[in-house]
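Below is one structure, written out as structure tokens; comments come after it.
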Amino acid sequence: MAMPPRSKTAVDRRADELDTIASVLPIDRRDELAELLTDQDIETLRHLVNEGMGENTLRALTSDLAYLQAWSLAATGASLPWPAPEALALKFVAHHLWQPDQRDIDPQHGMPADVEQSLREQRFLRSLGPHAPDTVRRRLASWSTLTKWRGLTGVFSSPSLKSAIRLAVRATPRPRKRKSAKAVTGDVLAKLLATCSTDSLRDIRDRAILMVAFASGGRRRSEIAGLRREQLTVEPPITVEGAPPLPSLAIHLGRTKTSGAESDEVVYLTGRPVEALNAWLSAARIEGGSIFRKIDRWGNVSKRALEPSAVNQIVKQRAALAGLDAGEFSAHGLRSGYLTEAANRGVPLPEAMEQSRHKSVQQASTYYNNATRRTGRAARLIQ
């Protein structure tokens, strides 16, 4: 006798809804999020997807919303109220921006031990100590944005909240660190590529990832992970005097983190990066869809794209194989490394920015200034 179909629970239904969002916005930990987020949370995310919000912004909002819900459940025993009262926002600041010295005197200072343990068990909290002020500000900004998208008025511009953040940041100074302690410049890149010397699928893939990410202007890890075959356009070969023509490809990035909604950002690959990418596409037999995919332990290529975090791990793994300190390198090092290498080779800043797609001259010029100052005459007055 056939069993009647099981009725879907609220968690099952939310998991299905997250699947529909994942077709636009890659989401890991789907089942955990389905238990954590409310029906209204899922509806808000669906609304943002339909509004055409950028993928990176959506991913950040989803991550921050999940963290806020987990924190609220651990700290108050209830989901986030909408709109949030000012007292709850102040509690969030107090739990995340605290003074280690004060905790030695008062164990109740900062985030309570049971709240911290709950967040660690759910893998929302990994590092020790207070949060970085920028992380707290970003999550509060996400909280404010989600409040507005629900048609509600928040408390995030209240003088008392701003004052609490300012005083907490002043009391817990943290030196600002680069996203990657060291840039992956040309010499470092060569060492990473040297570890991809076999004909294994993993080596072929990682070689293509490193070369494409660097040569396309230091693409963000989310852009590399999300790259699709349909974004590539074959361009006419580049003529080089006294040498064979170089293959050329255009990568249509579409809307990026810093571009407008209607923009189609385009960057170009020439020569060896094109050959490395074509070698991967051929070896993995990828004719459409996601370009950079997971490879299981048996060497099978998945149909699913890599997670952005996997690009970061690849950089660190290759750094370790090259005998470098993996802790000093990350995927962002490819982005900073591209501009640093361009400065070292005398490429004009505007030309390098055309490829990196930086919008801020001030931000991009930081890498140039560091490179030119280190080798310039001002640093060599005594030799």
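Starting from 1 in every chain, residues are counted up; chains themselves are A, B, ... following the order of the structure tokens, and ligands are numbered from 1 as listed.
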
So that I can check the surroundings of range 236-243 of chain A, please list as a list in words every protein, DNA and RNA residue that reaches within 8 Å of it, counting only C-alpha atoms and ignoring chain neighbours fewer than 4 positions away.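 Here the qualifying residues turn out to be Pro247, Ser248 and Thr270 of chain A.
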
Long-range neighbours of range 228-232 of chain A as a PDB file with N, CA, C and O atoms, in the first residue's frame, 12 Å cut-off, only C-alpha atoms, 4 positions minimum in chain:
```pdb
ATOM      1  N   VAL A 212      43.804  33.554 -14.868  1.00  0.00           N
ATOM      2  CA  VAL A 212      42.666  34.377 -15.286  1.00  0.00           C
ATOM      3  C   VAL A 212      42.381  35.458 -14.246  1.00  0.00           C
ATOM      4  O   VAL A 212      42.161  36.622 -14.586  1.00  0.00           O
ATOM      5  N   SER A 222      34.584  36.307  -5.953  1.00  0.00           N
ATOM      6  CA  SER A 222      33.202  36.027  -6.316  1.00  0.00           C
ATOM      7  C   SER A 222      33.006  36.085  -7.826  1.00  0.00           C
ATOM      8  O   SER A 222      32.212  35.320  -8.389  1.00  0.00           O
ATOM      9  N   GLU A 223      33.740  36.969  -8.492  1.00  0.00           N
ATOM     10  CA  GLU A 223      33.635  37.073  -9.952  1.00  0.00           C
ATOM     11  C   GLU A 223      34.239  35.850 -10.630  1.00  0.00           C
ATOM     12  O   GLU A 223      33.711  35.370 -11.639  1.00  0.00           O
ATOM     13  N   ILE A 224      35.340  35.342 -10.087  1.00  0.00           N
ATOM     14  CA  ILE A 224      35.970  34.149 -10.650  1.00  0.00           C
ATOM     15  C   ILE A 224      35.093  32.926 -10.407  1.00  0.00           C
ATOM     16  O   ILE A 224      34.852  32.118 -11.316  1.00  0.00           O
ATOM     17  N   SER A 248      43.136  35.864 -27.927  1.00  0.00           N
ATOM     18  CA  SER A 248      42.523  36.933 -27.134  1.00  0.00           C
ATOM     19  C   SER A 248      41.074  36.574 -26.803  1.00  0.00           C
ATOM     20  O   SER A 248      40.366  36.002 -27.631  1.00  0.00           O
ATOM     21  N   LEU A 249      40.679  36.902 -25.597  1.00  0.00           N
ATOM     22  CA  LEU A 249      39.304  36.677 -25.143  1.00  0.00           C
ATOM     23  C   LEU A 249      38.789  37.929 -24.443  1.00  0.00           C
ATOM     24  O   LEU A 249      39.557  38.648 -23.793  1.00  0.00           O
ATOM     25  N   ALA A 250      37.491  38.165 -24.555  1.00  0.00           N
ATOM     26  CA  ALA A 250      36.832  39.203 -23.760  1.00  0.00           C
ATOM     27  C   ALA A 250      35.982  38.528 -22.693  1.00  0.00           C
ATOM     28  O   ALA A 250      35.327  37.514 -22.961  1.00  0.00           O
ATOM     29  N   ILE A 251      36.026  39.063 -21.482  1.00  0.00           N
ATOM     30  CA  ILE A 251      35.177  38.566 -20.398  1.00  0.00           C
ATOM     31  C   ILE A 251      34.151  39.651 -20.085  1.00  0.00           C
ATOM     32  O   ILE A 251      34.507  40.765 -19.693  1.00  0.00           O
ATOM     33  N   HIS A 252      32.896  39.324 -20.287  1.00  0.00           N
ATOM     34  CA  HIS A 252      31.819  40.265 -19.998  1.00  0.00           C
ATOM     35  C   HIS A 252      31.389  40.058 -18.550  1.00  0.00           C
ATOM     36  O   HIS A 252      30.742  39.068 -18.208  1.00  0.00           O
ATOM     37  N   LEU A 253      31.768  41.005 -17.694  1.00  0.00           N
ATOM     38  CA  LEU A 253      31.508  40.868 -16.262  1.00  0.00           C
ATOM     39  C   LEU A 253      30.079  41.235 -15.893  1.00  0.00           C
ATOM     40  O   LEU A 253      29.602  40.872 -14.818  1.00  0.00           O
ATOM     41  N   GLY A 254      29.382  41.967 -16.781  1.00  0.00           N
ATOM     42  CA  GLY A 254      28.046  42.420 -16.438  1.00  0.00           C
ATOM     43  C   GLY A 254      28.115  43.436 -15.324  1.00  0.00           C
ATOM     44  O   GLY A 254      29.046  44.227 -15.228  1.00  0.00           O
ATOM     45  N   ARG A 255      27.137  43.384 -14.444  1.00  0.00           N
ATOM     46  CA  ARG A 255      27.116  44.294 -13.309  1.00  0.00           C
ATOM     47  C   ARG A 255      28.093  43.809 -12.251  1.00  0.00           C
ATOM     48  O   ARG A 255      28.094  42.638 -11.885  1.00  0.00           O
ATOM     49  N   ASP A 264      27.838  46.899 -18.495  1.00  0.00           N
ATOM     50  CA  ASP A 264      28.403  45.608 -18.879  1.00  0.00           C
ATOM     51  C   ASP A 264      29.906  45.786 -18.912  1.00  0.00           C
ATOM     52  O   ASP A 264      30.483  46.164 -19.923  1.00  0.00           O
ATOM     53  N   GLU A 265      30.527  45.567 -17.769  1.00  0.00           N
ATOM     54  CA  GLU A 265      31.969  45.723 -17.670  1.00  0.00           C
ATOM     55  C   GLU A 265      32.663  44.626 -18.482  1.00  0.00           C
ATOM     56  O   GLU A 265      32.275  43.455 -18.412  1.00  0.00           O
ATOM     57  N   VAL A 266      33.685  45.012 -19.244  1.00  0.00           N
ATOM     58  CA  VAL A 266      34.416  44.062 -20.082  1.00  0.00           C
ATOM     59  C   VAL A 266      35.907  44.187 -19.797  1.00  0.00           C
ATOM     60  O   VAL A 266      36.441  45.297 -19.729  1.00  0.00           O
ATOM     61  N   VAL A 267      36.569  43.043 -19.608  1.00  0.00           N
ATOM     62  CA  VAL A 267      38.021  43.008 -19.485  1.00  0.00           C
ATOM     63  C   VAL A 267      38.546  41.986 -20.493  1.00  0.00           C
ATOM     64  O   VAL A 267      37.783  41.166 -21.016  1.00  0.00           O
ATOM     65  N   TYR A 268      39.847  42.040 -20.759  1.00  0.00           N
ATOM     66  CA  TYR A 268      40.406  41.209 -21.826  1.00  0.00           C
ATOM     67  C   TYR A 268      41.546  40.329 -21.313  1.00  0.00           C
ATOM     68  O   TYR A 268      42.302  40.709 -20.418  1.00  0.00           O
ATOM     69  N   LEU A 269      41.650  39.155 -21.915  1.00  0.00           N
ATOM     70  CA  LEU A 269      42.755  38.238 -21.665  1.00  0.00           C
ATOM     71  C   LEU A 269      43.528  38.050 -22.959  1.00  0.00           C
ATOM     72  O   LEU A 269      42.927  37.943 -24.039  1.00  0.00           O
ATOM     73  N   VAL A 274      44.784  32.936 -21.754  1.00  0.00           N
ATOM     74  CA  VAL A 274      43.773  32.379 -22.656  1.00  0.00           C
ATOM     75  C   VAL A 274      44.053  30.901 -22.896  1.00  0.00           C
ATOM     76  O   VAL A 274      43.142  30.056 -22.870  1.00  0.00           O
ATOM     77  N   LEU A 277      43.087  28.926 -19.795  1.00  0.00           N
ATOM     78  CA  LEU A 277      41.637  28.806 -19.673  1.00  0.00           C
ATOM     79  C   LEU A 277      41.082  27.805 -20.681  1.00  0.00           C
ATOM     80  O   LEU A 277      40.242  26.950 -20.334  1.00  0.00           O
ATOM     81  N   ASN A 278      41.559  27.877 -21.924  1.00  0.00           N
ATOM     82  CA  ASN A 278      41.103  26.933 -22.950  1.00  0.00           C
ATOM     83  C   ASN A 278      41.489  25.496 -22.595  1.00  0.00           C
ATOM     84  O   ASN A 278      40.727  24.559 -22.868  1.00  0.00           O
ATOM     85  N   TRP A 280      41.696  24.232 -19.613  1.00  0.00           N
ATOM     86  CA  TRP A 280      40.750  23.761 -18.593  1.00  0.00           C
ATOM     87  C   TRP A 280      39.382  23.452 -19.211  1.00  0.00           C
ATOM     88  O   TRP A 280      38.782  22.412 -18.912  1.00  0.00           O
ATOM     89  N   LEU A 281      38.892  24.332 -20.062  1.00  0.00           N
ATOM     90  CA  LEU A 281      37.588  24.105 -20.688  1.00  0.00           C
ATOM     91  C   LEU A 281      37.584  22.815 -21.494  1.00  0.00           C
ATOM     92  O   LEU A 281      36.600  22.060 -21.491  1.00  0.00           O
ATOM     93  N   ARG A 285      35.730  19.477 -20.344  1.00  0.00           N
ATOM     94  CA  ARG A 285      34.609  19.360 -21.297  1.00  0.00           C
ATOM     95  C   ARG A 285      33.453  20.274 -20.926  1.00  0.00           C
ATOM     96  O   ARG A 285      32.298  19.867 -20.865  1.00  0.00           O
ATOM     97  N   ILE A 286      33.810  21.513 -20.678  1.00  0.00           N
ATOM     98  CA  ILE A 286      32.805  22.506 -20.298  1.00  0.00           C
ATOM     99  C   ILE A 286      32.404  23.311 -21.535  1.00  0.00           C
ATOM    100  O   ILE A 286      33.210  24.047 -22.091  1.00  0.00           O
ATOM    101  N   GLU A 287      31.180  23.138 -21.947  1.00  0.00           N
ATOM    102  CA  GLU A 287      30.679  23.842 -23.126  1.00  0.00           C
ATOM    103  C   GLU A 287      29.698  24.944 -22.762  1.00  0.00           C
ATOM    104  O   GLU A 287      29.355  25.785 -23.590  1.00  0.00           O
ATOM    105  N   GLY A 288      29.212  24.932 -21.525  1.00  0.00           N
ATOM    106  CA  GLY A 288      28.282  25.954 -21.082  1.00  0.00           C
ATOM    107  C   GLY A 288      28.185  25.948 -19.575  1.00  0.00           C
ATOM    108  O   GLY A 288      28.645  25.029 -18.905  1.00  0.00           O
ATOM    109  N   GLY A 289      27.583  27.009 -19.033  1.00  0.00           N
ATOM    110  CA  GLY A 289      27.402  27.095 -17.587  1.00  0.00           C
ATOM    111  C   GLY A 289      28.650  27.541 -16.847  1.00  0.00           C
ATOM    112  O   GLY A 289      29.529  28.202 -17.421  1.00  0.00           O
ATOM    113  N   SER A 290      28.725  27.169 -15.597  1.00  0.00           N
ATOM    114  CA  SER A 290      29.845  27.590 -14.743  1.00  0.00           C
ATOM    115  C   SER A 290      31.169  27.074 -15.287  1.00  0.00           C
ATOM    116  O   SER A 290      31.268  25.926 -15.727  1.00  0.00           O
ATOM    117  N   ILE A 291      32.187  27.913 -15.240  1.00  0.00           N
ATOM    118  CA  ILE A 291      33.500  27.538 -15.765  1.00  0.00           C
ATOM    119  C   ILE A 291      34.328  26.809 -14.723  1.00  0.00           C
ATOM    120  O   ILE A 291      34.819  25.696 -14.954  1.00  0.00           O
ATOM    121  N   PHE A 292      34.493  27.419 -13.563  1.00  0.00           N
ATOM    122  CA  PHE A 292      35.348  26.820 -12.543  1.00  0.00           C
ATOM    123  C   PHE A 292      34.491  26.030 -11.553  1.00  0.00           C
ATOM    124  O   PHE A 292      33.673  26.602 -10.829  1.00  0.00           O
ATOM    125  N   ARG A 293      34.694  24.714 -11.535  1.00  0.00           N
ATOM    126  CA  ARG A 293      33.824  23.814 -10.787  1.00  0.00           C
ATOM    127  C   ARG A 293      34.613  22.963  -9.794  1.00  0.00           C
ATOM    128  O   ARG A 293      35.826  22.840  -9.882  1.00  0.00           O
ATOM    129  N   LYS A 303      28.943  19.616 -11.667  1.00  0.00           N
ATOM    130  CA  LYS A 303      28.191  20.581 -12.467  1.00  0.00           C
ATOM    131  C   LYS A 303      28.028  21.896 -11.718  1.00  0.00           C
ATOM    132  O   LYS A 303      27.608  22.892 -12.308  1.00  0.00           O
ATOM    133  N   ARG A 304      28.364  21.876 -10.425  1.00  0.00           N
ATOM    134  CA  ARG A 304      28.197  23.066  -9.602  1.00  0.00           C
ATOM    135  C   ARG A 304      29.459  23.921  -9.589  1.00  0.00           C
ATOM    136  O   ARG A 304      30.577  23.410  -9.617  1.00  0.00           O
ATOM    137  N   ALA A 305      29.248  25.212  -9.522  1.00  0.00           N
ATOM    138  CA  ALA A 305      30.379  26.149  -9.493  1.00  0.00           C
ATOM    139  C   ALA A 305      31.092  26.094  -8.156  1.00  0.00           C
ATOM    140  O   ALA A 305      30.524  25.700  -7.135  1.00  0.00           O
ATOM    141  N   LEU A 306      32.349  26.489  -8.156  1.00  0.00           N
ATOM    142  CA  LEU A 306      33.088  26.654  -6.903  1.00  0.00           C
ATOM    143  C   LEU A 306      32.444  27.752  -6.060  1.00  0.00           C
ATOM    144  O   LEU A 306      31.876  28.712  -6.598  1.00  0.00           O
TER     145      LEU A 306
END
```

Requested in this report: Mind checking which residues fall within 10 Å of Asn312 in chain A, counting only C-alpha atoms, ignoring those fewer than 4 positions away in the same chain, and posting them as a PyMOL selection string?
Outcome: chain A and resi 221-222+307-308+316-317+329-333

File dump, residues just selected, all heavy atoms, as a PDB file, in the first residue's frame:
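Saved result, out26.pdb, follows:
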```pdb
ATOM      1  N   ARG A 221      37.192  37.260  -5.964  1.00  0.00           N
ATOM      2  CA  ARG A 221      36.982  35.813  -5.919  1.00  0.00           C
ATOM      3  C   ARG A 221      35.553  35.445  -6.283  1.00  0.00           C
ATOM      4  O   ARG A 221      35.314  34.391  -6.877  1.00  0.00           O
ATOM      5  CB  ARG A 221      37.346  35.260  -4.545  1.00  0.00           C
ATOM      6  CG  ARG A 221      36.535  35.810  -3.388  1.00  0.00           C
ATOM      7  CD  ARG A 221      37.047  35.278  -2.064  1.00  0.00           C
ATOM      8  NE  ARG A 221      36.209  35.721  -0.945  1.00  0.00           N
ATOM      9  CZ  ARG A 221      36.408  35.334   0.302  1.00  0.00           C
ATOM     10  NH1 ARG A 221      37.407  34.524   0.603  1.00  0.00           N
ATOM     11  NH2 ARG A 221      35.607  35.751   1.263  1.00  0.00           N
ATOM     12  N   SER A 222      34.584  36.307  -5.953  1.00  0.00           N
ATOM     13  CA  SER A 222      33.202  36.027  -6.316  1.00  0.00           C
ATOM     14  C   SER A 222      33.006  36.085  -7.826  1.00  0.00           C
ATOM     15  O   SER A 222      32.212  35.320  -8.389  1.00  0.00           O
ATOM     16  CB  SER A 222      32.253  37.027  -5.632  1.00  0.00           C
ATOM     17  OG  SER A 222      32.561  38.356  -6.013  1.00  0.00           O
ATOM     18  N   GLU A 307      32.544  27.625  -4.757  1.00  0.00           N
ATOM     19  CA  GLU A 307      32.170  28.719  -3.872  1.00  0.00           C
ATOM     20  C   GLU A 307      33.295  29.758  -3.902  1.00  0.00           C
ATOM     21  O   GLU A 307      34.458  29.412  -4.099  1.00  0.00           O
ATOM     22  CB  GLU A 307      31.981  28.207  -2.445  1.00  0.00           C
ATOM     23  CG  GLU A 307      30.877  27.189  -2.283  1.00  0.00           C
ATOM     24  CD  GLU A 307      29.497  27.787  -2.491  1.00  0.00           C
ATOM     25  OE1 GLU A 307      29.374  29.029  -2.406  1.00  0.00           O
ATOM     26  OE2 GLU A 307      28.552  27.023  -2.759  1.00  0.00           O
ATOM     27  N   PRO A 308      32.963  31.052  -3.707  1.00  0.00           N
ATOM     28  CA  PRO A 308      34.023  32.066  -3.653  1.00  0.00           C
ATOM     29  C   PRO A 308      35.111  31.744  -2.639  1.00  0.00           C
ATOM     30  O   PRO A 308      36.289  32.009  -2.870  1.00  0.00           O
ATOM     31  CB  PRO A 308      33.254  33.340  -3.277  1.00  0.00           C
ATOM     32  CG  PRO A 308      31.880  33.123  -3.828  1.00  0.00           C
ATOM     33  CD  PRO A 308      31.615  31.652  -3.644  1.00  0.00           C
ATOM     34  N   LYS A 316      45.726  29.875  -1.035  1.00  0.00           N
ATOM     35  CA  LYS A 316      46.471  29.494   0.164  1.00  0.00           C
ATOM     36  C   LYS A 316      47.143  28.125   0.004  1.00  0.00           C
ATOM     37  O   LYS A 316      48.301  27.932   0.414  1.00  0.00           O
ATOM     38  CB  LYS A 316      45.530  29.474   1.373  1.00  0.00           C
ATOM     39  CG  LYS A 316      45.068  30.863   1.808  1.00  0.00           C
ATOM     40  CD  LYS A 316      44.195  30.794   3.041  1.00  0.00           C
ATOM     41  CE  LYS A 316      43.839  32.180   3.546  1.00  0.00           C
ATOM     42  NZ  LYS A 316      45.040  32.948   4.001  1.00  0.00           N
ATOM     43  N   GLN A 317      46.443  27.168  -0.600  1.00  0.00           N
ATOM     44  CA  GLN A 317      47.019  25.844  -0.802  1.00  0.00           C
ATOM     45  C   GLN A 317      48.230  25.902  -1.726  1.00  0.00           C
ATOM     46  O   GLN A 317      49.255  25.252  -1.474  1.00  0.00           O
ATOM     47  CB  GLN A 317      45.964  24.906  -1.369  1.00  0.00           C
ATOM     48  CG  GLN A 317      44.885  24.515  -0.370  1.00  0.00           C
ATOM     49  CD  GLN A 317      43.680  23.879  -1.026  1.00  0.00           C
ATOM     50  OE1 GLN A 317      43.660  23.640  -2.249  1.00  0.00           O
ATOM     51  NE2 GLN A 317      42.650  23.586  -0.241  1.00  0.00           N
ATOM     52  N   PHE A 329      48.788  35.136   2.389  1.00  0.00           N
ATOM     53  CA  PHE A 329      48.203  35.314   1.059  1.00  0.00           C
ATOM     54  C   PHE A 329      46.731  34.933   1.049  1.00  0.00           C
ATOM     55  O   PHE A 329      46.299  34.049   1.796  1.00  0.00           O
ATOM     56  CB  PHE A 329      48.957  34.470   0.027  1.00  0.00           C
ATOM     57  CG  PHE A 329      50.391  34.870  -0.156  1.00  0.00           C
ATOM     58  CD1 PHE A 329      51.400  34.213   0.539  1.00  0.00           C
ATOM     59  CD2 PHE A 329      50.733  35.919  -0.986  1.00  0.00           C
ATOM     60  CE1 PHE A 329      52.725  34.588   0.391  1.00  0.00           C
ATOM     61  CE2 PHE A 329      52.062  36.307  -1.138  1.00  0.00           C
ATOM     62  CZ  PHE A 329      53.063  35.639  -0.450  1.00  0.00           C
ATOM     63  N   SER A 330      45.977  35.614   0.204  1.00  0.00           N
ATOM     64  CA  SER A 330      44.565  35.300   0.019  1.00  0.00           C
ATOM     65  C   SER A 330      44.200  35.659  -1.415  1.00  0.00           C
ATOM     66  O   SER A 330      45.020  36.205  -2.168  1.00  0.00           O
ATOM     67  CB  SER A 330      43.694  36.094   0.998  1.00  0.00           C
ATOM     68  OG  SER A 330      43.665  37.460   0.634  1.00  0.00           O
ATOM     69  N   ALA A 331      42.947  35.373  -1.782  1.00  0.00           N
ATOM     70  CA  ALA A 331      42.512  35.673  -3.142  1.00  0.00           C
ATOM     71  C   ALA A 331      42.613  37.158  -3.450  1.00  0.00           C
ATOM     72  O   ALA A 331      42.896  37.550  -4.587  1.00  0.00           O
ATOM     73  CB  ALA A 331      41.077  35.181  -3.347  1.00  0.00           C
ATOM     74  N   HIS A 332      42.406  38.011  -2.440  1.00  0.00           N
ATOM     75  CA  HIS A 332      42.508  39.446  -2.678  1.00  0.00           C
ATOM     76  C   HIS A 332      43.934  39.853  -3.040  1.00  0.00           C
ATOM     77  O   HIS A 332      44.149  40.901  -3.653  1.00  0.00           O
ATOM     78  CB  HIS A 332      42.040  40.236  -1.456  1.00  0.00           C
ATOM     79  CG  HIS A 332      41.901  41.706  -1.712  1.00  0.00           C
ATOM     80  ND1 HIS A 332      42.911  42.597  -1.473  1.00  0.00           N
ATOM     81  CD2 HIS A 332      40.882  42.436  -2.224  1.00  0.00           C
ATOM     82  CE1 HIS A 332      42.520  43.811  -1.809  1.00  0.00           C
ATOM     83  NE2 HIS A 332      41.295  43.741  -2.262  1.00  0.00           N
ATOM     84  N   GLY A 333      44.906  39.021  -2.671  1.00  0.00           N
ATOM     85  CA  GLY A 333      46.285  39.314  -3.039  1.00  0.00           C
ATOM     86  C   GLY A 333      46.495  39.330  -4.545  1.00  0.00           C
ATOM     87  O   GLY A 333      47.425  39.982  -5.042  1.00  0.00           O
TER      88      GLY A 333
END
```

- Query: Hey, can you check how far CA of Thr62 in chain A sits from CA of Ser157 in chain A?
  - Reply: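 Calculated distance between CA of Thr62 in chain A and CA of Ser157 in chain A is 21.9 Å.
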
* Contact residues around Ser158 in chain A with only C-alpha atoms at 12 Å, ignoring same-chain residues under 5 positions, as a list in words ->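 Final neighbour list, sorted by chain and number: Pro85, Glu86, Ala87, Ala89, Leu90, Ser144, Thr153, Ser163, Ala164 and Ile165 of chain A.
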
field: 12 Å contact set for range 68-82 of chain A, only C-alpha atoms, chain neighbours under 4 positions out, as a PyMOL selection string
entry: chain A and resi 32-41+61-64+86-89+91-96+110-125+136+138-155

Report task. Using DSSP on the backbone, list every residue of range 318-356 of chain A that comes out as helix (DSSP H, G or I), and give them as a PyMOL selection string. Result -> chain A and resi 318-321+326-328+332-344+349-356

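Separating CA of Ala320 in chain A from CA of Arg357 in chain A is a distance of 29.5 Å.
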
Checklist line | Neighbour list for range 184-197 of chain A as a ChimeraX atom specification, cut-off 8 Å, only C-alpha atoms, skip fewer than 3 positions in-chain | finding: /A:203-204,206-207,210,315,318-319,321-322,329,333-338,340-341

- Query: Using only C-alpha atoms, which of the listed residues (A:Leu58, A:Ile42, A:Val311, A:Ile105) sits closest to Arg220 in chain A?
  - Reply: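 Under the stated criterion, the closest residue is A:Val311.
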
query: Could you pull out all residues of range 8-253 of chain A with a DSSP call of strand (DSSP E) and give them as a ChimeraX atom specification?
result: /A:232-240,243-253

Computed gap from CA of Arg272 in chain A to CA of Met211 in chain A is 8.0 Å

I'd like the neighbourhood of range 129-131 of chain A as a short mmCIF file (atom, residue, chain, number, x, y, z; two decimals) with N, CA and C atoms, in the first residue's frame, where a residue qualifies if any of its atoms comes within 8 Å (using only C-alpha atoms), though same-chain residues fewer than 2 positions away should be ignored.
```
data_model
loop_
_atom_site.label_atom_id
_atom_site.label_comp_id
_atom_site.auth_asym_id
_atom_site.auth_seq_id
_atom_site.Cartn_x
_atom_site.Cartn_y
_atom_site.Cartn_z
N HIS A 96 29.53 43.04 20.59
CA HIS A 96 30.54 42.83 19.54
C HIS A 96 31.74 43.78 19.62
N LEU A 97 31.56 44.93 20.24
CA LEU A 97 32.68 45.88 20.40
C LEU A 97 32.93 46.04 21.90
N TRP A 98 33.89 45.28 22.41
CA TRP A 98 34.18 45.31 23.83
C TRP A 98 35.69 45.34 24.06
N GLN A 99 36.08 45.60 25.30
CA GLN A 99 37.49 45.73 25.65
C GLN A 99 38.00 44.47 26.35
N PRO A 100 38.98 43.80 25.78
CA PRO A 100 39.53 42.59 26.42
C PRO A 100 40.02 42.85 27.84
N GLY A 110 30.98 42.52 27.46
CA GLY A 110 31.02 42.00 26.09
C GLY A 110 29.96 40.94 25.85
N SER A 127 36.65 33.74 15.02
CA SER A 127 37.79 34.42 15.64
C SER A 127 37.50 34.73 17.11
N PRO A 133 35.50 46.77 13.90
CA PRO A 133 34.47 47.82 13.79
C PRO A 133 33.80 47.85 12.42
N THR A 135 33.18 45.39 10.44
CA THR A 135 32.21 44.29 10.35
C THR A 135 30.93 44.66 11.08
N VAL A 136 31.05 45.26 12.26
CA VAL A 136 29.87 45.67 13.02
C VAL A 136 29.09 46.73 12.25
#
```

Pick from A:Leu48, A:Ala132, A:Ala168, A:Lys182: nearest to Leu324 in chain A, with only C-alpha atoms counted?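 Once distances to Leu324 in chain A are computed over only C-alpha atoms, the minimum belongs to A:Lys182.
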